[in-house]
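Next comes target_27.cif, a file with mmCIF, C-alpha atoms.
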```
data_coords
#
loop_
_atom_site.label_atom_id
_atom_site.label_comp_id
_atom_site.auth_asym_id
_atom_site.auth_seq_id
_atom_site.Cartn_x
_atom_site.Cartn_y
_atom_site.Cartn_z
CA GLY A 1 1.72 -4.74 20.80
CA VAL A 2 -0.70 -5.50 18.04
CA ARG A 3 -0.08 -8.72 16.09
CA LEU A 4 -1.46 -10.30 12.95
CA GLN A 5 -3.18 -13.63 13.61
CA PRO A 6 -2.37 -16.64 11.39
CA GLY A 7 -5.22 -19.04 10.69
CA PRO A 8 -6.14 -21.84 8.26
CA PRO A 9 -7.48 -19.60 5.46
CA GLY A 10 -4.63 -17.06 5.77
CA ILE A 11 -3.48 -14.21 7.98
CA PHE A 12 -6.08 -12.16 9.82
CA PRO A 13 -5.49 -8.42 10.13
CA ALA A 14 -5.60 -6.56 13.41
CA THR A 15 -9.00 -4.95 13.99
CA GLY A 16 -9.44 -1.52 15.52
CA PRO A 17 -12.29 0.88 16.27
CA PHE A 18 -15.24 0.79 13.85
CA ASN A 19 -14.07 -2.61 12.60
CA LEU A 20 -11.13 -0.95 10.83
CA LYS A 21 -8.78 -3.71 9.69
CA VAL A 22 -5.05 -2.98 9.66
CA ALA A 23 -1.96 -4.86 8.54
CA SER A 24 1.54 -3.52 8.92
CA MET A 25 5.08 -4.84 8.74
CA ALA A 26 5.45 -3.45 12.26
CA PHE A 27 2.97 -6.10 13.45
CA LEU A 28 5.30 -8.87 12.25
CA ILE A 29 8.49 -7.73 13.95
CA GLU A 30 9.33 -9.11 17.39
CA ASN A 31 11.31 -6.10 18.61
CA VAL A 32 9.71 -2.73 17.79
CA GLU A 33 13.17 -1.16 17.54
CA ASP A 34 14.34 -3.54 14.79
CA PRO A 35 14.38 -1.93 11.33
CA VAL A 36 13.14 -3.67 8.21
CA ILE A 37 16.12 -3.59 5.85
CA TRP A 38 14.95 -5.07 2.59
CA ARG A 39 15.79 -4.62 -1.06
CA GLY A 40 13.19 -4.49 -3.81
CA PRO A 41 12.54 -8.24 -4.28
CA MET A 42 11.84 -8.79 -0.57
CA LYS A 43 9.49 -5.80 -0.50
CA MET A 44 7.62 -7.19 -3.49
CA VAL A 45 7.16 -10.56 -1.78
CA ALA A 46 5.80 -8.82 1.33
CA ILE A 47 3.39 -6.70 -0.71
CA ARG A 48 2.20 -9.77 -2.61
CA GLN A 49 1.61 -11.63 0.68
CA PHE A 50 -0.26 -8.69 2.21
CA LEU A 51 -2.53 -8.49 -0.82
CA SER A 52 -3.08 -12.22 -1.34
CA GLU A 53 -2.74 -13.95 2.04
CA ILE A 54 -4.42 -11.55 4.44
CA VAL A 55 -8.06 -12.45 5.01
CA TRP A 56 -9.58 -8.98 4.73
CA GLY A 57 -13.16 -10.15 4.45
CA GLU A 58 -15.67 -7.76 2.93
CA LEU A 59 -14.31 -4.22 2.72
CA ASP A 60 -15.76 -0.88 1.74
CA TYR A 61 -12.27 0.42 0.94
CA LEU A 62 -8.73 -0.92 0.91
CA LEU A 63 -6.24 1.86 1.65
CA ILE A 64 -2.56 1.15 1.06
CA ASP A 65 -0.12 3.63 2.56
CA LEU A 66 3.03 3.74 0.44
CA PRO A 67 6.29 5.63 0.87
CA PRO A 68 6.65 8.87 -1.11
CA GLY A 69 7.61 8.65 -4.73
CA THR A 70 7.14 6.32 -7.64
CA GLY A 71 9.37 3.41 -6.63
CA ASP A 72 9.04 -0.36 -6.58
CA GLU A 73 6.28 -0.40 -3.97
CA ALA A 74 3.90 1.81 -5.95
CA LEU A 75 4.61 -0.03 -9.20
CA SER A 76 4.05 -3.42 -7.56
CA VAL A 77 0.74 -2.41 -5.98
CA LEU A 78 -0.57 -0.99 -9.25
CA GLN A 79 0.47 -4.13 -11.14
CA MET A 80 -1.01 -6.48 -8.52
CA LEU A 81 -4.31 -4.58 -8.33
CA PRO A 82 -5.08 -3.74 -11.96
CA GLU A 83 -8.78 -3.17 -11.23
CA MET A 84 -8.26 -0.59 -8.49
CA ASP A 85 -10.76 2.26 -8.43
CA GLY A 86 -8.16 4.95 -7.97
CA VAL A 87 -5.42 6.57 -5.92
CA ILE A 88 -5.26 9.41 -3.42
CA ILE A 89 -2.03 11.36 -3.51
CA VAL A 90 -0.99 12.85 -0.16
CA THR A 91 1.52 15.67 0.07
CA ILE A 92 2.78 18.27 2.50
CA PRO A 93 3.01 22.02 1.82
CA SER A 94 6.62 22.23 0.65
CA GLU A 95 8.28 22.89 -2.70
CA VAL A 96 10.34 19.69 -2.47
CA SER A 97 7.25 17.53 -2.03
CA GLU A 98 5.54 19.41 -4.85
CA ASP A 99 7.99 17.91 -7.35
CA VAL A 100 7.39 14.41 -5.95
CA VAL A 101 3.62 14.86 -6.23
CA ARG A 102 3.88 15.98 -9.85
CA LYS A 103 5.81 12.78 -10.60
CA ALA A 104 3.22 10.70 -8.72
CA VAL A 105 0.40 12.24 -10.78
CA SER A 106 2.30 11.53 -14.01
CA PHE A 107 3.07 8.00 -12.82
CA ALA A 108 -0.59 7.24 -12.06
CA ARG A 109 -1.61 8.58 -15.45
CA LYS A 110 1.02 6.49 -17.26
CA MET A 111 -0.25 3.43 -15.38
CA ASP A 112 -3.82 4.40 -16.40
CA VAL A 113 -5.04 4.61 -12.80
CA PRO A 114 -7.73 7.17 -11.90
CA ILE A 115 -6.69 9.83 -9.39
CA PHE A 116 -9.36 10.68 -6.82
CA GLY A 117 -7.41 13.76 -5.85
CA ILE A 118 -4.67 15.35 -3.80
CA VAL A 119 -4.70 15.82 -0.02
CA GLU A 120 -2.35 18.29 1.63
CA ASN A 121 -1.41 16.91 5.05
CA MET A 122 0.36 18.93 7.76
CA SER A 123 -1.15 22.05 6.21
CA GLY A 124 -0.37 24.45 9.02
CA VAL A 125 -0.72 23.90 12.75
CA THR A 126 -3.85 24.48 14.78
CA CYS A 127 -3.04 26.69 17.75
CA PRO A 128 -4.34 24.86 20.84
CA LYS A 129 -5.09 28.18 22.58
CA CYS A 130 -7.03 30.13 19.95
CA GLY A 131 -7.75 27.58 17.19
CA GLU A 132 -6.10 29.71 14.49
CA ILE A 133 -4.20 27.77 11.82
CA ILE A 134 -0.59 28.93 11.55
CA GLN A 135 1.27 28.21 8.29
CA VAL A 136 4.74 26.99 9.27
CA PHE A 137 5.70 24.68 6.37
CA GLY A 138 4.73 26.81 3.41
CA GLN A 139 1.35 26.98 1.84
CA GLY A 140 -0.63 25.91 -1.20
CA SER A 141 1.64 23.37 -2.91
CA GLY A 142 -1.10 20.73 -3.03
CA GLU A 143 -3.57 23.18 -4.54
CA ARG A 144 -0.94 24.38 -7.03
CA VAL A 145 -0.23 20.88 -8.32
CA SER A 146 -3.94 20.14 -8.40
CA LYS A 147 -4.64 23.18 -10.55
CA ASP A 148 -1.57 22.81 -12.81
CA MET A 149 -2.17 19.11 -13.48
CA ASP A 150 -5.98 19.17 -13.53
CA VAL A 151 -6.44 16.84 -10.55
CA PRO A 152 -9.17 17.37 -7.93
CA PHE A 153 -7.99 18.99 -4.72
CA LEU A 154 -9.62 17.10 -1.86
CA GLY A 155 -8.54 19.30 1.05
CA LYS A 156 -5.86 20.19 3.53
CA ILE A 157 -5.52 18.75 7.01
CA PRO A 158 -3.77 20.89 9.62
CA LEU A 159 -1.53 19.45 12.31
CA ASP A 160 -3.14 19.36 15.72
CA PRO A 161 -1.54 17.89 18.86
CA ARG A 162 -4.89 16.36 19.83
CA VAL A 163 -4.76 14.10 16.76
CA SER A 164 -1.64 12.24 17.88
CA GLU A 165 -2.82 12.33 21.49
CA THR A 166 -5.96 10.34 20.65
CA MET A 167 -4.24 8.10 18.11
CA ASP A 168 -1.70 7.05 20.74
CA ILE A 169 -4.52 5.64 22.87
CA GLY A 170 -6.33 4.04 19.94
CA ILE A 171 -9.25 6.44 19.59
CA PRO A 172 -9.90 8.08 16.21
CA PHE A 173 -9.52 11.85 16.49
CA VAL A 174 -12.65 12.34 14.39
CA VAL A 175 -14.56 10.77 17.30
CA SER A 176 -12.77 12.40 20.24
CA TYR A 177 -12.48 15.86 18.74
CA ARG A 178 -15.22 16.19 16.13
CA GLU A 179 -15.14 19.98 16.06
CA ILE A 180 -11.43 20.61 15.51
CA PRO A 181 -10.38 21.79 12.02
CA ALA A 182 -8.48 18.54 11.31
CA SER A 183 -11.61 16.43 11.93
CA LYS A 184 -13.88 18.68 9.90
CA GLU A 185 -11.47 18.74 6.98
CA PHE A 186 -10.86 14.98 7.17
CA ASN A 187 -14.61 14.31 7.01
CA LYS A 188 -15.01 16.66 4.02
CA ILE A 189 -12.21 14.80 2.23
CA VAL A 190 -13.86 11.44 2.92
CA GLU A 191 -17.15 12.76 1.51
CA LYS A 192 -15.42 13.93 -1.68
CA ILE A 193 -13.82 10.50 -2.12
CA GLU A 194 -17.12 8.70 -1.48
CA GLU A 195 -18.77 10.83 -4.17
CA GLN A 196 -16.30 9.41 -6.70
CA THR A 197 -16.69 5.74 -5.78
#
```

For the structure just supplied, provide its representation as structure tokens.
Amino acid sequence: GVRLQPGPPGIFPATGPFNLKVASMAFLIENVEDPVIWRGPMKMVAIRQFLSEIVWGELDYLLIDLPPGTGDEALSVLQMLPEMDGVIIVTIPSEVSEDVVRKAVSFARKMDVPIFGIVENMSGVTCPKCGEIIQVFGQGSGERVSKDMDVPFLGKIPLDPRVSETMDIGIPFVVSYREIPASKEFNKIVEKIEEQT
């Protein structure tokens, strides 16, 4: 598997296609089946180390994928990176996640962090036969929160089996399948974020 590389100036992240640098707790665990069972203080130490000891080099963007909600991880990242440009809130089209997203928007505002916008992931499924997008998880919760809370709506990315197929072999789906709805929507979302930075 992929590993992080220790060196004299710090820990070097794994590097993927297009010089994308990645660090993950999964890269530090010997057995991929072992869970990480940590309480808050241990998580905070790990986040601090990832932010301070990993030699990222020059970056265009630093994306930090956090668990849903407004827990210790989100609070720690916002406190450790007070000069961050903003956050992207990712949701799925369900009523349960809608409540979590509303809290995340309120949390970011209370922490005085700009919100680039909301992305609705798993927004329907692209039929591999006809290309039609089928709504199986509900519809519109990301747009609803966006409108109700006056936050930009960046877009909605449909599920497509080809996305995980290419990711499993280490090729970005936006390269392998440029014309599928997920790729087109992903690229539009990136453009909207770039316009704000």

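The shortest atom-to-atom distance to Thr91 (chain A), with all atoms listed in the file taken into account, belongs to A:Ile157 out of A:Ile157, A:Glu58, A:Glu33, A:Pro128.
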
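Residues matched by the PyMOL selection byres ((chain A and resi 145-147) around 10) in this structure: Glu98, Asp99, Val101, Arg102, Val105, Gly117, Ile118, Val119, Gly140, Ser141, Gly142, Glu143, Arg144, Asp148, Met149, Asp150, Val151, Pro152, Phe153 and Leu154 of chain A.
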
Which polymer residues have any atom within 7 Å of an atom of Pro158 (chain A), counting all atoms listed in the file, with same-chain residues fewer than 4 positions away left out, as a ChimeraX atom specification?
-> /A:121-126,182

Keeping C-alpha atoms for every residue in the selection just given, could you write it to a file as a PDB file, in the coordinates of the input?
```
ATOM      1  CA  ASN A 121      -1.410  16.910   5.050  1.00  0.00           C
ATOM      2  CA  MET A 122       0.360  18.930   7.760  1.00  0.00           C
ATOM      3  CA  SER A 123      -1.150  22.050   6.210  1.00  0.00           C
ATOM      4  CA  GLY A 124      -0.370  24.450   9.020  1.00  0.00           C
ATOM      5  CA  VAL A 125      -0.720  23.900  12.750  1.00  0.00           C
ATOM      6  CA  THR A 126      -3.850  24.480  14.780  1.00  0.00           C
ATOM      7  CA  ALA A 182      -8.480  18.540  11.310  1.00  0.00           C
TER       8      ALA A 182
END
```

Using all atoms listed in the file: which of A:Ala26, A:Met80, A:Ile11, A:Leu20 has the shortest distance to Met44 (chain A) = A:Met80

Given the choices A:Glu53, A:Asp72, A:Asp60, A:Asp85, which gets closest to Asn19 (chain A) if the distance is worked out from all atoms listed in the file?
->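 Of all the options, A:Asp60 lies closest to Asn19 (chain A).
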
Taking the file above as input, evaluate the PyMOL selection byres ((chain A and resi 127) around 12) and report the hits as a ChimeraX atom specification.
-> /A:124-126,128-136,158-162,180-182

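CA of Pro172 (chain A) sits 28.2 Å away from CA of Leu81 (chain A).
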
How many Å separate CA of Glu120 (chain A) from CA of Ile47 (chain A)?
->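 Separation of CA of Glu120 (chain A) and CA of Ile47 (chain A): 25.7 Å.
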
Can you work out the spacing between CA of Ala46 (chain A) and CA of Ser76 (chain A) in Å, to one decimal?
->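 Distance reported for this atom pair: 10.5 Å.
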
Quick one: of A:Val174, A:Ile54, A:Val32, A:Val90, who's nearest to Phe186 (chain A), counting only C-alpha atoms?
->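 Looking only at the distances to Phe186 (chain A), the closest residue turns out to be A:Val174.
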
Any idea what's packed within 9 Å of Phe107 (chain A), counting all atoms listed in the file, ignoring anything in its chain fewer than 6 positions away? Could you give it as a JSON list (two decimals) with C-alpha atoms, keeping the file's coordinate frame?
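For reference, part_19.json as written:
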```json
[["chain", "number", "residue", "atom", "x", "y", "z"],
["A", 70, "THR", "CA", 7.14, 6.32, -7.64],
["A", 75, "LEU", "CA", 4.61, -0.03, -9.20],
["A", 113, "VAL", "CA", -5.04, 4.61, -12.80]]
```

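Selection by the PyMOL selection byres ((chain A and resi 56) around 12) on the present file picks out A:Leu4, A:Gln5, A:Pro9, A:Gly10, A:Ile11, A:Phe12, A:Pro13, A:Ala14, A:Thr15, A:Asn19, A:Leu20, A:Lys21, A:Val22, A:Ala23, A:Phe50, A:Leu51, A:Ser52, A:Glu53, A:Ile54, A:Val55, A:Gly57, A:Glu58, A:Leu59, A:Asp60, A:Tyr61, A:Leu62, A:Leu63.
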
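In this comparison, which uses all atoms listed in the file, the residue of A:Val87, A:Ile189, A:Ile169, A:Val77 approaching Gln49 (chain A) most closely is A:Val77.
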
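Candidate residues A:Asp34, A:Lys184, A:Gly40, A:Glu194 were compared for distance to Gly86 (chain A), and the nearest is A:Glu194, using only C-alpha atoms.
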